[in-house]
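**Student:** One structure, as structure tokens, below. Some questions next.
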Amino acid sequence: MTELRRRGAGGGDPDSAENISDKEADGEDRLGLPSEGEGEMEGDCKADTPDAPPPTDNTPQCLNKALEGLSSRWKNWWIRGILSLTMIIGFFLIIYLGPLMLIFVVMSIQIKCFQEIIQIGYRVYRSYDLPWFRTLSWYFLICVNYFFYGETVADYFGALVQREEPLQFLVRYHRFISFALYLAGFCMFVLSLVKKHYRLQFYMFAWTHVTLLIVVTQSHLVIQNLFEGMIWFIVPISIVICNDIMAYLFGFFFGRTPLIKLSPKKTWEGFIGGFFSTVFLSFLFAYLLSQYQYFVCPVEYNSETNRFAVECEPSDLFVIQEYTLPVMVQNILRWKTVNLYPFQIHSIALSSFASLIGPFGGFFASGFKRAFKIKDFADTIPGHGGIMDRFDCQYLMATFVHVYIASFIRGPNPSKVLQQLLVLQPEQQLNIFNTLRNHLREKGMLPPAVLEQ
């Protein structure tokens, strides 16, 4: 309404951008806060969303001192490069420590990303004194994690569940317990409603749930991908990192043409250069990892040793195959056939998604930050921003990989089926045994000695 009055008084072009200040344009968009007329109805808003605190420079003093003679552009380039290299080294160190450490790191990153997003909403909580907002946000995080990790225990730790009686109870009633925990939080939210802040409290309730959807659900999919084999965890993450680095380098040195208004520093040169570089490097990386059982075997829990095992006979996906090249390619390369791991072909699909669609996760995050007038989600990593700034594309990639595996790769998992059978009652197990025996007898797959019994 303020905007309409201003346009009418100015008599200017109603579509002109100059007639709307940034404060007016963003004031109603930040949390959908009502305008002046609407505010009179419920009194939800006395002021706009508080401005974000100014970013702090937490770059180590040794780096600042070493780079003090450089321009801000090159100084930022070196800081980003050094910190990127440090994070990559740390990433490979964590891989060396094994699947359990990877799961722990994924959980830690998830919690930090959730905290960074919720902290933005918490500024509104402090401004309007909304009761229980932060407490309920963290409570719902615990509930959702309990649900997802409980599902993981039931699916992949069947032997352990069968051995421990308390776990059997928790697994059997897991979904009911999860729902009861969520219902308790839901009731607490309803009891916390304050008359003059109804609308804003429901905005924040939705804020928390969307954050859970974006962060916790995707983190669960990352762990699901890990259990399919560490290669399905390492390659997608490495592809996104590679694309981010190569797009930055191509954009830094050759960028001239802006790509999208949401992220003015992104260029077409960086986007295209990042695509071809990522496809090529991921193809080589997939060839390297496909040679090792440690990376290609599904991650399974061994109840006898109480450790994760990554030993198996590699599937056809990780066995060298001979492929006949198209005639046109044969004429160019003078090769008729080429030996590849089938996974290398899949890596092209993964890297194409990471390069062409993955950046839209970053654009989404850029739009979100612009809506709240913040540069980064946090200042955890010098030159990079917060953890969420580094993982905005990773979560989108994790969902794609999970869907890709379910659609094109994964068949029935005998180990998982066996774990589910072990949880059944003895009568149910015997019934399944007889049904399976009759089925195999009809197909003529049982030896004569078995048929005589």
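To be explicit about the labels: the chains of the structure tokens are called A, B, and onward in the order shown, and within each one the residues are counted from 1, while ligands get numbers from 1 in the order they are shown.
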Considering only C-alpha atoms, return as a PyMOL selection string whatever protein or nucleic-acid residues lie within 10 Å of Pro359 (chain A), sequence-local ones (same chain, fewer than 3 positions apart) excluded.
**Tutor:** chain A and resi 240+243-244+247+266+271+353-356+362-365+392-394+396-397
**Student:** Keeping only C-alpha atoms, write the selected residues as a PDB file, in the first residue's frame.
**Tutor:**
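Produced file out_19.pdb, reproduced below:
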```pdb
ATOM      1  CA  VAL A 240      30.693 -30.397  -7.498  1.00  0.00           C
ATOM      2  CA  ASN A 243      32.998 -27.608 -11.090  1.00  0.00           C
ATOM      3  CA  ASP A 244      33.032 -24.870  -8.467  1.00  0.00           C
ATOM      4  CA  ALA A 247      34.090 -22.304 -13.078  1.00  0.00           C
ATOM      5  CA  LYS A 266      29.036 -15.687 -12.469  1.00  0.00           C
ATOM      6  CA  PHE A 271      29.905 -21.759 -16.715  1.00  0.00           C
ATOM      7  CA  PHE A 353      24.114 -32.558 -13.955  1.00  0.00           C
ATOM      8  CA  ALA A 354      26.645 -31.070 -11.544  1.00  0.00           C
ATOM      9  CA  SER A 355      27.798 -28.557 -14.170  1.00  0.00           C
ATOM     10  CA  LEU A 356      24.495 -27.602 -15.821  1.00  0.00           C
ATOM     11  CA  GLY A 362      23.913 -21.850  -5.768  1.00  0.00           C
ATOM     12  CA  PHE A 363      21.667 -19.401  -7.620  1.00  0.00           C
ATOM     13  CA  PHE A 364      18.807 -20.358  -5.282  1.00  0.00           C
ATOM     14  CA  ALA A 365      21.055 -19.639  -2.299  1.00  0.00           C
ATOM     15  CA  ASP A 392      24.267 -25.286  -1.480  1.00  0.00           C
ATOM     16  CA  CYS A 393      24.983 -27.286  -4.661  1.00  0.00           C
ATOM     17  CA  GLN A 394      25.988 -30.470  -2.830  1.00  0.00           C
ATOM     18  CA  LEU A 396      20.899 -30.776  -4.863  1.00  0.00           C
ATOM     19  CA  MET A 397      23.526 -33.158  -6.227  1.00  0.00           C
TER      20      MET A 397
END
```
**Student:** Find the residues around Ile245 (chain A) up to 9 Å (only C-alpha atoms counted), leave out those fewer than 3 positions away in its own chain, and share them as a ChimeraX atom specification.
**Tutor:** /A:81,84,240-242,248-250,274
**Student:** Quote the spacing between CA of Asn76 (chain A) and CA of Ile88 (chain A) in Å to one decimal place.
**Tutor:**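 CA of Asn76 (chain A) sits 18.0 Å away from CA of Ile88 (chain A).
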**Student:** Quick one: pull the distance between CA of Thr135 (chain A) and CA of Ile374 (chain A), Å, one decimal.
**Tutor:** 24.1 Å
**Student:** Measuring atom to atom with only C-alpha atoms, identify which of A:Ala206, A:Ile381, A:Ile320, A:His220 is nearest to Pro342 (chain A).
**Tutor:**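 Going through A:Ala206, A:Ile381, A:Ile320, A:His220 one by one, the smallest distance to Pro342 (chain A) is for A:Ile320.
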**Student:** Excluding same-chain residues fewer than 3 positions from region 226-238 of chain A, what lies within 6 Å of it counting only C-alpha atoms, as a list in words?
**Tutor:**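 My list of contacting residues is Ile223, Ile241, Cys242, Phe295, Val296, Cys297, Pro298 and Val299 of chain A.
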**Student:** Nearest to Leu102 (chain A) among A:Phe318, A:Arg410, A:Phe147, A:Phe308, with distances taken over only C-alpha atoms: which residue is it?
**Tutor:**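 Smallest separation from Leu102 (chain A) among the options: A:Phe308.
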**Student:** What does the distance between CA of Arg334 (chain A) and CA of Leu284 (chain A) come to in Å, to one decimal place?
**Tutor:**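 It comes out at 21.0 Å.
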**Student:** From the options A:Gly386, A:Gly273, A:Gly255, A:Pro426, which residue's atoms come nearest to Gln115 (chain A), counting only C-alpha atoms?
**Tutor:**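 Smallest separation from Gln115 (chain A) among the options: A:Gly386.
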**Student:** Determine which residues of region 240-400 of chain A receive a DSSP assignment of strand (DSSP E), computed from the backbone, and state them as a ChimeraX atom specification.
**Tutor:** /A:258-260,263-267,300-302,307-309,321-324,337-340
**Student:** Now that the selection is made, can you save its residues with N, CA and C atoms as a PDB file, in the first residue's frame?
**Tutor:**
```pdb
ATOM      1  N   PRO A 258      28.127 -11.652 -18.205  1.00  0.00           N
ATOM      2  CA  PRO A 258      27.352 -12.059 -17.019  1.00  0.00           C
ATOM      3  C   PRO A 258      26.399 -13.202 -17.345  1.00  0.00           C
ATOM      4  N   LEU A 259      26.254 -14.113 -16.399  1.00  0.00           N
ATOM      5  CA  LEU A 259      25.406 -15.287 -16.606  1.00  0.00           C
ATOM      6  C   LEU A 259      23.992 -15.078 -16.083  1.00  0.00           C
ATOM      7  N   ILE A 260      23.872 -14.592 -14.845  1.00  0.00           N
ATOM      8  CA  ILE A 260      22.564 -14.459 -14.218  1.00  0.00           C
ATOM      9  C   ILE A 260      22.602 -13.303 -13.229  1.00  0.00           C
ATOM     10  N   SER A 263      23.450 -13.727  -9.384  1.00  0.00           N
ATOM     11  CA  SER A 263      24.848 -13.888  -8.987  1.00  0.00           C
ATOM     12  C   SER A 263      25.717 -13.168 -10.012  1.00  0.00           C
ATOM     13  N   PRO A 264      25.909 -11.853  -9.852  1.00  0.00           N
ATOM     14  CA  PRO A 264      26.557 -11.031 -10.876  1.00  0.00           C
ATOM     15  C   PRO A 264      27.980 -11.469 -11.223  1.00  0.00           C
ATOM     16  N   LYS A 265      28.684 -12.132 -10.306  1.00  0.00           N
ATOM     17  CA  LYS A 265      30.061 -12.529 -10.577  1.00  0.00           C
ATOM     18  C   LYS A 265      30.156 -13.786 -11.441  1.00  0.00           C
ATOM     19  N   LYS A 266      29.034 -14.503 -11.616  1.00  0.00           N
ATOM     20  CA  LYS A 266      29.036 -15.687 -12.469  1.00  0.00           C
ATOM     21  C   LYS A 266      29.002 -15.253 -13.931  1.00  0.00           C
ATOM     22  N   THR A 267      29.819 -15.921 -14.750  1.00  0.00           N
ATOM     23  CA  THR A 267      29.893 -15.568 -16.179  1.00  0.00           C
ATOM     24  C   THR A 267      29.663 -16.806 -17.032  1.00  0.00           C
ATOM     25  N   GLU A 300      28.812 -52.213   4.297  1.00  0.00           N
ATOM     26  CA  GLU A 300      27.946 -53.076   5.096  1.00  0.00           C
ATOM     27  C   GLU A 300      28.519 -53.229   6.494  1.00  0.00           C
ATOM     28  N   TYR A 301      27.613 -53.387   7.442  1.00  0.00           N
ATOM     29  CA  TYR A 301      28.039 -53.549   8.834  1.00  0.00           C
ATOM     30  C   TYR A 301      28.253 -55.026   9.120  1.00  0.00           C
ATOM     31  N   ASN A 302      29.438 -55.360   9.626  1.00  0.00           N
ATOM     32  CA  ASN A 302      29.772 -56.729   9.989  1.00  0.00           C
ATOM     33  C   ASN A 302      29.533 -56.910  11.483  1.00  0.00           C
ATOM     34  N   ARG A 307      32.319 -53.764  12.845  1.00  0.00           N
ATOM     35  CA  ARG A 307      32.947 -52.751  11.993  1.00  0.00           C
ATOM     36  C   ARG A 307      32.264 -52.737  10.636  1.00  0.00           C
ATOM     37  N   PHE A 308      32.474 -51.636   9.905  1.00  0.00           N
ATOM     38  CA  PHE A 308      31.982 -51.555   8.539  1.00  0.00           C
ATOM     39  C   PHE A 308      32.923 -52.328   7.629  1.00  0.00           C
ATOM     40  N   ALA A 309      32.339 -53.104   6.700  1.00  0.00           N
ATOM     41  CA  ALA A 309      33.127 -53.879   5.753  1.00  0.00           C
ATOM     42  C   ALA A 309      32.888 -53.359   4.344  1.00  0.00           C
ATOM     43  N   GLN A 321      34.951 -53.092 -19.601  1.00  0.00           N
ATOM     44  CA  GLN A 321      34.168 -53.598 -20.735  1.00  0.00           C
ATOM     45  C   GLN A 321      34.709 -52.985 -22.026  1.00  0.00           C
ATOM     46  N   GLU A 322      34.517 -53.724 -23.099  1.00  0.00           N
ATOM     47  CA  GLU A 322      34.948 -53.220 -24.413  1.00  0.00           C
ATOM     48  C   GLU A 322      33.750 -52.625 -25.139  1.00  0.00           C
ATOM     49  N   TYR A 323      33.899 -51.406 -25.616  1.00  0.00           N
ATOM     50  CA  TYR A 323      32.825 -50.700 -26.314  1.00  0.00           C
ATOM     51  C   TYR A 323      33.277 -50.361 -27.731  1.00  0.00           C
ATOM     52  N   THR A 324      32.366 -50.527 -28.690  1.00  0.00           N
ATOM     53  CA  THR A 324      32.643 -50.160 -30.077  1.00  0.00           C
ATOM     54  C   THR A 324      32.280 -48.702 -30.284  1.00  0.00           C
ATOM     55  N   THR A 337      37.550 -49.750 -31.059  1.00  0.00           N
ATOM     56  CA  THR A 337      36.985 -50.067 -29.743  1.00  0.00           C
ATOM     57  C   THR A 337      37.757 -49.335 -28.652  1.00  0.00           C
ATOM     58  N   VAL A 338      37.134 -49.267 -27.488  1.00  0.00           N
ATOM     59  CA  VAL A 338      37.778 -48.651 -26.331  1.00  0.00           C
ATOM     60  C   VAL A 338      37.363 -49.417 -25.085  1.00  0.00           C
ATOM     61  N   ASN A 339      38.283 -49.584 -24.156  1.00  0.00           N
ATOM     62  CA  ASN A 339      38.006 -50.294 -22.905  1.00  0.00           C
ATOM     63  C   ASN A 339      37.728 -49.286 -21.799  1.00  0.00           C
ATOM     64  N   LEU A 340      36.558 -49.412 -21.192  1.00  0.00           N
ATOM     65  CA  LEU A 340      36.138 -48.483 -20.146  1.00  0.00           C
ATOM     66  C   LEU A 340      35.439 -49.241 -19.027  1.00  0.00           C
TER      67      LEU A 340
END
```
**Student:** Could you please write out, as an MDAnalysis selection string, every residue of region 343-408 of chain A that DSSP assigns to alpha helix (DSSP H)?
**Tutor:** chainID A and resid 343:356 359:371 387:404
**Student:** Hey, what's within 7 Å of Ser347 (chain A) if we count only C-alpha atoms and toss same-chain stuff fewer than 5 positions away? As number ranges by chain, please?
**Tutor:** A: 282-283, 286
**Student:** How would the residues just picked look written out with all heavy atoms as an mmCIF file, in the first residue's frame?
**Tutor:**
```cif
data_model
loop_
_atom_site.group_PDB
_atom_site.id
_atom_site.type_symbol
_atom_site.label_atom_id
_atom_site.label_comp_id
_atom_site.auth_asym_id
_atom_site.auth_seq_id
_atom_site.Cartn_x
_atom_site.Cartn_y
_atom_site.Cartn_z
ATOM 1 N N SER A 282 36.115 -35.643 -14.169
ATOM 2 C CA SER A 282 35.323 -36.675 -13.491
ATOM 3 C C SER A 282 35.451 -38.015 -14.204
ATOM 4 O O SER A 282 35.439 -39.074 -13.563
ATOM 5 C CB SER A 282 33.849 -36.261 -13.422
ATOM 6 O OG SER A 282 33.263 -36.249 -14.711
ATOM 7 N N PHE A 283 35.597 -37.991 -15.536
ATOM 8 C CA PHE A 283 35.801 -39.211 -16.315
ATOM 9 C C PHE A 283 37.101 -39.894 -15.871
ATOM 10 O O PHE A 283 37.145 -41.119 -15.679
ATOM 11 C CB PHE A 283 35.841 -38.863 -17.804
ATOM 12 C CG PHE A 283 35.770 -40.050 -18.716
ATOM 13 C CD1 PHE A 283 34.564 -40.681 -18.988
ATOM 14 C CD2 PHE A 283 36.924 -40.552 -19.321
ATOM 15 C CE1 PHE A 283 34.501 -41.775 -19.837
ATOM 16 C CE2 PHE A 283 36.869 -41.640 -20.167
ATOM 17 C CZ PHE A 283 35.658 -42.258 -20.419
ATOM 18 N N ALA A 286 36.716 -41.155 -12.145
ATOM 19 C CA ALA A 286 35.908 -42.376 -12.077
ATOM 20 C C ALA A 286 36.742 -43.588 -12.480
ATOM 21 O O ALA A 286 36.616 -44.669 -11.885
ATOM 22 C CB ALA A 286 34.687 -42.249 -12.986
#
```
**Student:** Which residues of region 295-315 of chain A come within 12 Å of region 161-178 of chain A, and for each one, what is the closest pair of atoms and their distance in Å to one decimal, counting only C-alpha atoms, sorted by chain and residue number, as a Markdown table?
**Tutor:**
```
| residue | atom | partner | partner_atom | distance |
| --- | --- | --- | --- | --- |
| A:Tyr301 | CA | A:Val161 | CA | 11.3 |
| A:Ser303 | CA | A:Arg163 | CA | 8.8 |
| A:Glu304 | CA | A:Arg163 | CA | 10.7 |
| A:Asn306 | CA | A:Arg163 | CA | 11.8 |
```
**Student:** Select, from A:Leu191, A:Ile111, A:Ile357, A:Val106, the residue with the minimum atom-to-atom distance to Phe133 (chain A), counting only C-alpha atoms.
**Tutor:**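 Looking only at the distances to Phe133 (chain A), the closest residue turns out to be A:Leu191.
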**Student:** Please provide as a VMD selection string all residues within 9 Å of Arg256 (chain A), with the sequence filter that same-chain residues fewer than 5 positions apart are discarded (counting only C-alpha atoms).
**Tutor:** chain A and resid 251 267 to 269
**Student:** Of the candidates A:Ile239, A:Ile409, A:Cys312, A:Leu160, which one gets nearest to Ser352 (chain A) if we count only C-alpha atoms?
**Tutor:**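 Ranked by minimum distance to Ser352 (chain A), first place goes to A:Ile239.
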